[in-house]
Amino acid sequence: MKKAELFFSALRVPVDYFMLVLSGVLAFYLRKTEAIQGLRPILYDFSIREYLQILLVVAAFFVVVFAAEGLYSIQSHRGKLMEIYRVARALTIGFMVIVLALFFEPDWFSSRFVILIGAVTGVVSVSLARVMLRVFQTYLLVHKGIGVRRLFLIGKNDFTESFKVAIKKNPSLGYVLVENQEEINFKRIDLLRKQGKIDEIVESNPNINKKDLFYLKDYCIQNRITFKYIPTFMQTSNFKLEMFLGEPLIEIKNTSLEGWGKILKRSFDITGALVGISLFGPLMLVVAIITWIDSGFPAIYFNRRVNHKGGEFDLYKVRYMKKEYSHGKQFSEAHNRKALKFLDDLIKKRSIKKGPLYKIKDDPRKTKFGTFIEKYSIDELPQFFNVLKGNMSLVGPRPHQPMEVEKYKDYQKRVLTIKPGITGMAQISGRSDLSFDKEVKLDIYYIENWSLWKDLQIIYKTIPTLLSKRKN
């Protein structure tokens, strides 16, 4: 562990404590201003000295709550918004405990205004102090090299290439690549360690045998080198440990989107769909009218997709193709056969994607207006109605056509275990330019690590992604 990381992690404790005390004092004196007293007179009789005696204890209590909420974890890579959210959540939990305690013992302190203002100023002051500390730490890291972690990568694949690109583009991550080798080279690693050039090893080669992997793990532990590795499928799956007849049983869990998770996500989807329809309803109407004027009916067409139960449903889209090349239940069987035959020929001649999915370069089926709305994903706005109906979610794996799903490999069918989404991990990580294997890996990660906070993050990151054009 780098000394700089330990120092800044430890420094957050007294800084948080000081900012909490400062917030409490500010709330106390704000209550005494004439403007506030004019609204409601002061009913308590506390001197600042008596108040401080309580405040110092309460601030210490909040530091304990912060610690329980993981706000002092070392080497945290949380973003600024996530940091503010975690601070607000911890303070909310702490203030709920205080309010509950005062309900039973109102004589301790009776000013609800001071408590409320203390909560608000606490969130602002602690968050501001933490952001300033983060900025200062990042400055030392990037410009002075203080706290930089020297990294040794094992494996040469998509992950290691992405890792190298990420640390090169984002020096604030705090990594400097020392070396990247495909296999474990113990002699080279030991030489670099003796030269003081390795702080962390990341292993991502799935073909390395377990004996070497265990030896490398022990070597890193003995020499105080941080060791991380990309686990196998069985190791990455969510699991639940329970005892049965005195023996441990491990249940492999697909996702936390079960039970209350399913209820919460559906409630979030309904709310989000209603908001989306309210916001984009006028735009959908205008785009549908322009499509009708440009190339006739239907302006909205139904495209068959595979759902999370293996069945099919109608995906709503604004038609961006010429009518003669569109296919769906709104068209006759003869029309659909002709359109699908043309599509099959196009895939063979012009598809620039490998695997189950296709992507046609310079697609001749698009109208001029359709090219524009498809490039900015405006054609997908009607899918808010799919979400409202319940056959899609706001966030999830993208739904694919039956002809594409038929070509899935067995492990790729994992993405069919939850509802498809309007947006998802793939959409914020490269949109249609990702290979299908990468898309599946991202979707499986989402399935295994779902949370409402993750859904909010993906939706937030989708907005700038949509504003950038897709590649042809």
# chains A, B, ... in the order shown; residues from 1 in each chain; ligands from 1

$ closest_atom_pairs --of "range 359-422 of chain A" --to "range 445-451 of chain A" --cutoff "12 Å" --atoms "only C-alpha atoms" --output "tab-separated table"
residue	atom	partner	partner_atom	distance
A:Val395	CA	A:Tyr446	CA	9.5
A:Gly396	CA	A:Tyr446	CA	7.7
A:Pro397	CA	A:Tyr446	CA	8.6
A:Arg414	CA	A:Ile447	CA	8.9
A:Val415	CA	A:Ile447	CA	7.9
A:Leu416	CA	A:Ile447	CA	10.2
A:Thr417	CA	A:Ile447	CA	8.5
A:Ile418	CA	A:Ile447	CA	7.6
A:Lys419	CA	A:Ile447	CA	10.2
A:Pro420	CA	A:Ile447	CA	11.0
A:Gly421	CA	A:Tyr446	CA	11.6

$ write_last_selection --atoms "N, CA and C atoms" --output "short mmCIF file (atom, residue, chain, number, x, y, z; two decimals), in the first residue's frame"
data_model
loop_
_atom_site.label_atom_id
_atom_site.label_comp_id
_atom_site.auth_asym_id
_atom_site.auth_seq_id
_atom_site.Cartn_x
_atom_site.Cartn_y
_atom_site.Cartn_z
N VAL A 395 -32.84 -0.11 -18.54
CA VAL A 395 -31.43 -0.52 -18.64
C VAL A 395 -31.35 -2.04 -18.69
N GLY A 396 -30.56 -2.55 -19.60
CA GLY A 396 -30.38 -3.99 -19.71
C GLY A 396 -29.67 -4.32 -21.02
N PRO A 397 -29.46 -5.60 -21.31
CA PRO A 397 -28.86 -5.99 -22.60
C PRO A 397 -29.78 -5.57 -23.74
N ARG A 414 -26.71 -16.16 -21.84
CA ARG A 414 -26.84 -15.62 -20.47
C ARG A 414 -27.51 -14.25 -20.50
N VAL A 415 -27.33 -13.49 -21.56
CA VAL A 415 -27.91 -12.14 -21.63
C VAL A 415 -29.42 -12.19 -21.78
N LEU A 416 -29.98 -13.37 -22.05
CA LEU A 416 -31.43 -13.51 -22.19
C LEU A 416 -32.11 -13.83 -20.88
N THR A 417 -31.37 -13.76 -19.77
CA THR A 417 -31.95 -14.12 -18.46
C THR A 417 -32.61 -12.95 -17.75
N ILE A 418 -32.44 -11.71 -18.28
CA ILE A 418 -33.14 -10.56 -17.73
C ILE A 418 -33.78 -9.78 -18.87
N LYS A 419 -34.68 -8.85 -18.54
CA LYS A 419 -35.35 -8.08 -19.58
C LYS A 419 -34.34 -7.26 -20.38
N PRO A 420 -34.54 -7.17 -21.68
CA PRO A 420 -33.68 -6.30 -22.49
C PRO A 420 -33.95 -4.84 -22.16
N GLY A 421 -33.00 -3.97 -22.49
CA GLY A 421 -33.13 -2.56 -22.10
C GLY A 421 -32.99 -1.60 -23.28
#

$ closest_atom_pairs --of "range 362-457 of chain A" --to "range 286-297 of chain A" --cutoff "9 Å" --atoms "only C-alpha atoms" --output "Markdown table"
| residue | atom | partner | partner_atom | distance |
| --- | --- | --- | --- | --- |
| A:Thr367 | CA | A:Ser295 | CA | 8.0 |
| A:Phe369 | CA | A:Thr291 | CA | 7.4 |
| A:Gly370 | CA | A:Thr291 | CA | 7.8 |
| A:Ile373 | CA | A:Val287 | CA | 8.4 |
| A:Ile378 | CA | A:Val287 | CA | 8.4 |
| A:Asp379 | CA | A:Val287 | CA | 8.5 |

$ write_last_selection --atoms "C-alpha atoms" --output "PDB file, in the first residue's frame"
ATOM      1  CA  THR A 367     -33.980   7.098 -46.069  1.00  0.00           C
ATOM      2  CA  PHE A 369     -34.218  11.399 -42.717  1.00  0.00           C
ATOM      3  CA  GLY A 370     -33.948   7.848 -41.372  1.00  0.00           C
ATOM      4  CA  ILE A 373     -32.658   9.760 -36.639  1.00  0.00           C
ATOM      5  CA  ILE A 378     -34.070   9.032 -32.073  1.00  0.00           C
ATOM      6  CA  ASP A 379     -35.719   6.043 -33.777  1.00  0.00           C
TER       7      ASP A 379
END

$ select_by_dssp --residues "range 161-247 of chain A" --states "alpha helix (DSSP H)" --output "ChimeraX atom specification"
/A:161-169,186-194,210-222,233-236

$ write_last_selection --atoms "N, CA and C atoms" --output "compact mmCIF listing (two decimals), in the first residue's frame"
# COMPACT_ATOMS: atom_id res chain seq x y z
N GLU A 161 -5.30 -4.86 -23.23
CA GLU A 161 -5.20 -3.73 -24.15
C GLU A 161 -6.07 -2.57 -23.67
N SER A 162 -7.27 -2.89 -23.22
CA SER A 162 -8.17 -1.85 -22.69
C SER A 162 -7.57 -1.21 -21.44
N PHE A 163 -6.94 -2.04 -20.59
CA PHE A 163 -6.31 -1.55 -19.36
C PHE A 163 -5.20 -0.55 -19.71
N LYS A 164 -4.39 -0.91 -20.69
CA LYS A 164 -3.28 -0.03 -21.08
C LYS A 164 -3.77 1.29 -21.65
N VAL A 165 -4.82 1.21 -22.48
CA VAL A 165 -5.40 2.44 -23.05
C VAL A 165 -5.98 3.31 -21.94
N ALA A 166 -6.66 2.68 -20.98
CA ALA A 166 -7.31 3.44 -19.89
C ALA A 166 -6.30 4.17 -19.03
N ILE A 167 -5.21 3.49 -18.64
CA ILE A 167 -4.25 4.15 -17.75
C ILE A 167 -3.42 5.20 -18.49
N LYS A 168 -3.31 5.03 -19.82
CA LYS A 168 -2.60 6.05 -20.60
C LYS A 168 -3.44 7.31 -20.75
N LYS A 169 -4.76 7.12 -20.96
CA LYS A 169 -5.66 8.25 -21.14
C LYS A 169 -6.01 8.92 -19.81
N PHE A 186 8.64 -15.57 -13.70
CA PHE A 186 9.02 -15.34 -12.31
C PHE A 186 10.38 -14.66 -12.18
N LYS A 187 11.32 -15.02 -13.05
CA LYS A 187 12.65 -14.40 -12.98
C LYS A 187 12.58 -12.90 -13.25
N ARG A 188 11.79 -12.54 -14.28
CA ARG A 188 11.67 -11.13 -14.63
C ARG A 188 10.95 -10.36 -13.52
N ILE A 189 9.91 -10.96 -12.99
CA ILE A 189 9.16 -10.31 -11.90
C ILE A 189 10.05 -10.10 -10.68
N ASP A 190 10.83 -11.12 -10.34
CA ASP A 190 11.70 -11.02 -9.17
C ASP A 190 12.78 -9.96 -9.36
N LEU A 191 13.30 -9.85 -10.59
CA LEU A 191 14.31 -8.84 -10.88
C LEU A 191 13.72 -7.43 -10.73
N LEU A 192 12.55 -7.22 -11.29
CA LEU A 192 11.91 -5.90 -11.19
C LEU A 192 11.55 -5.57 -9.74
N ARG A 193 11.17 -6.59 -8.99
CA ARG A 193 10.85 -6.35 -7.57
C ARG A 193 12.09 -5.90 -6.80
N LYS A 194 13.22 -6.55 -7.07
CA LYS A 194 14.46 -6.18 -6.38
C LYS A 194 14.90 -4.77 -6.76
N LYS A 210 -3.16 -23.48 -12.53
CA LYS A 210 -3.47 -23.09 -11.15
C LYS A 210 -2.24 -23.10 -10.25
N LYS A 211 -1.32 -24.02 -10.51
CA LYS A 211 -0.12 -24.12 -9.67
C LYS A 211 0.70 -22.83 -9.74
N ASP A 212 0.93 -22.34 -10.96
CA ASP A 212 1.68 -21.09 -11.13
C ASP A 212 0.92 -19.90 -10.55
N LEU A 213 -0.41 -19.92 -10.70
CA LEU A 213 -1.23 -18.82 -10.20
C LEU A 213 -1.16 -18.75 -8.67
N PHE A 214 -1.26 -19.91 -8.03
CA PHE A 214 -1.17 -19.95 -6.56
C PHE A 214 0.22 -19.53 -6.09
N TYR A 215 1.25 -19.95 -6.83
CA TYR A 215 2.61 -19.56 -6.45
C TYR A 215 2.80 -18.05 -6.58
N LEU A 216 2.26 -17.48 -7.66
CA LEU A 216 2.36 -16.04 -7.87
C LEU A 216 1.63 -15.28 -6.76
N LYS A 217 0.47 -15.80 -6.36
CA LYS A 217 -0.29 -15.17 -5.27
C LYS A 217 0.53 -15.16 -3.98
N ASP A 218 1.11 -16.31 -3.63
CA ASP A 218 1.92 -16.38 -2.41
C ASP A 218 3.15 -15.49 -2.51
N TYR A 219 3.75 -15.44 -3.70
CA TYR A 219 4.93 -14.58 -3.92
C TYR A 219 4.57 -13.12 -3.66
N CYS A 220 3.44 -12.69 -4.18
CA CYS A 220 3.01 -11.29 -4.01
C CYS A 220 2.71 -10.99 -2.54
N ILE A 221 2.07 -11.93 -1.86
CA ILE A 221 1.75 -11.71 -0.44
C ILE A 221 3.04 -11.57 0.37
N GLN A 222 4.00 -12.46 0.12
CA GLN A 222 5.26 -12.45 0.87
C GLN A 222 6.07 -11.17 0.61
N PHE A 233 -15.27 -18.06 -14.93
CA PHE A 233 -16.72 -17.90 -14.87
C PHE A 233 -17.26 -18.27 -13.49
N MET A 234 -16.85 -19.43 -12.97
CA MET A 234 -17.38 -19.88 -11.68
C MET A 234 -16.99 -18.94 -10.56
N GLN A 235 -15.84 -18.29 -10.67
CA GLN A 235 -15.38 -17.40 -9.61
C GLN A 235 -16.05 -16.04 -9.67
N THR A 236 -16.53 -15.64 -10.86
CA THR A 236 -17.13 -14.32 -10.96
C THR A 236 -18.61 -14.34 -10.65

$ residues_around --residues "Met96 in chain A" --least-positions-apart "3" --cutoff "12 Å" --atoms "only C-alpha atoms" --output "list in words"
Phe62, Val65, Arg89, Ala90, Leu91, Thr92, Ile93, Val99, Leu100, Ala101, Leu102, Phe103, Ile115, Leu116 and Ala119 of chain A

$ write_last_selection --atoms "C-alpha atoms" --output "PDB file, in the first residue's frame"
ATOM      1  CA  PHE A  62     -20.992  10.568  12.362  1.00  0.00           C
ATOM      2  CA  VAL A  65     -21.180   6.034  10.600  1.00  0.00           C
ATOM      3  CA  ARG A  89     -26.469   8.673   2.471  1.00  0.00           C
ATOM      4  CA  ALA A  90     -24.242   8.290   5.530  1.00  0.00           C
ATOM      5  CA  LEU A  91     -25.363  11.639   6.943  1.00  0.00           C
ATOM      6  CA  THR A  92     -29.011  10.744   6.319  1.00  0.00           C
ATOM      7  CA  ILE A  93     -28.613   7.474   8.216  1.00  0.00           C
ATOM      8  CA  VAL A  99     -34.057  12.161  15.273  1.00  0.00           C
ATOM      9  CA  LEU A 100     -35.209   8.778  16.588  1.00  0.00           C
ATOM     10  CA  ALA A 101     -33.180   9.249  19.770  1.00  0.00           C
ATOM     11  CA  LEU A 102     -34.641  12.747  20.297  1.00  0.00           C
ATOM     12  CA  PHE A 103     -38.134  11.329  19.864  1.00  0.00           C
ATOM     13  CA  ILE A 115     -30.711  19.649  13.189  1.00  0.00           C
ATOM     14  CA  LEU A 116     -32.100  20.196   9.685  1.00  0.00           C
ATOM     15  CA  ALA A 119     -27.724  18.040   7.951  1.00  0.00           C
TER      16      ALA A 119
END

$ atom_distance --atom1 "CA of Leu357 in chain A" --atom2 "CA of Glu324 in chain A"
22.3 Å

$ atom_distance --atom1 "CA of Glu69 in chain A" --atom2 "CA of Asn170 in chain A"
27.2 Å

$ residues_around --residues "Lys461 in chain A" --least-positions-apart "3" --cutoff "10 Å" --atoms "only C-alpha atoms" --output "list in words"
Thr423, Gly424, Met425, Gln427, Ile428, Ser429, Asp455, Leu456, Gln457, Ile458, Pro464, Thr465 and Leu466 of chain A
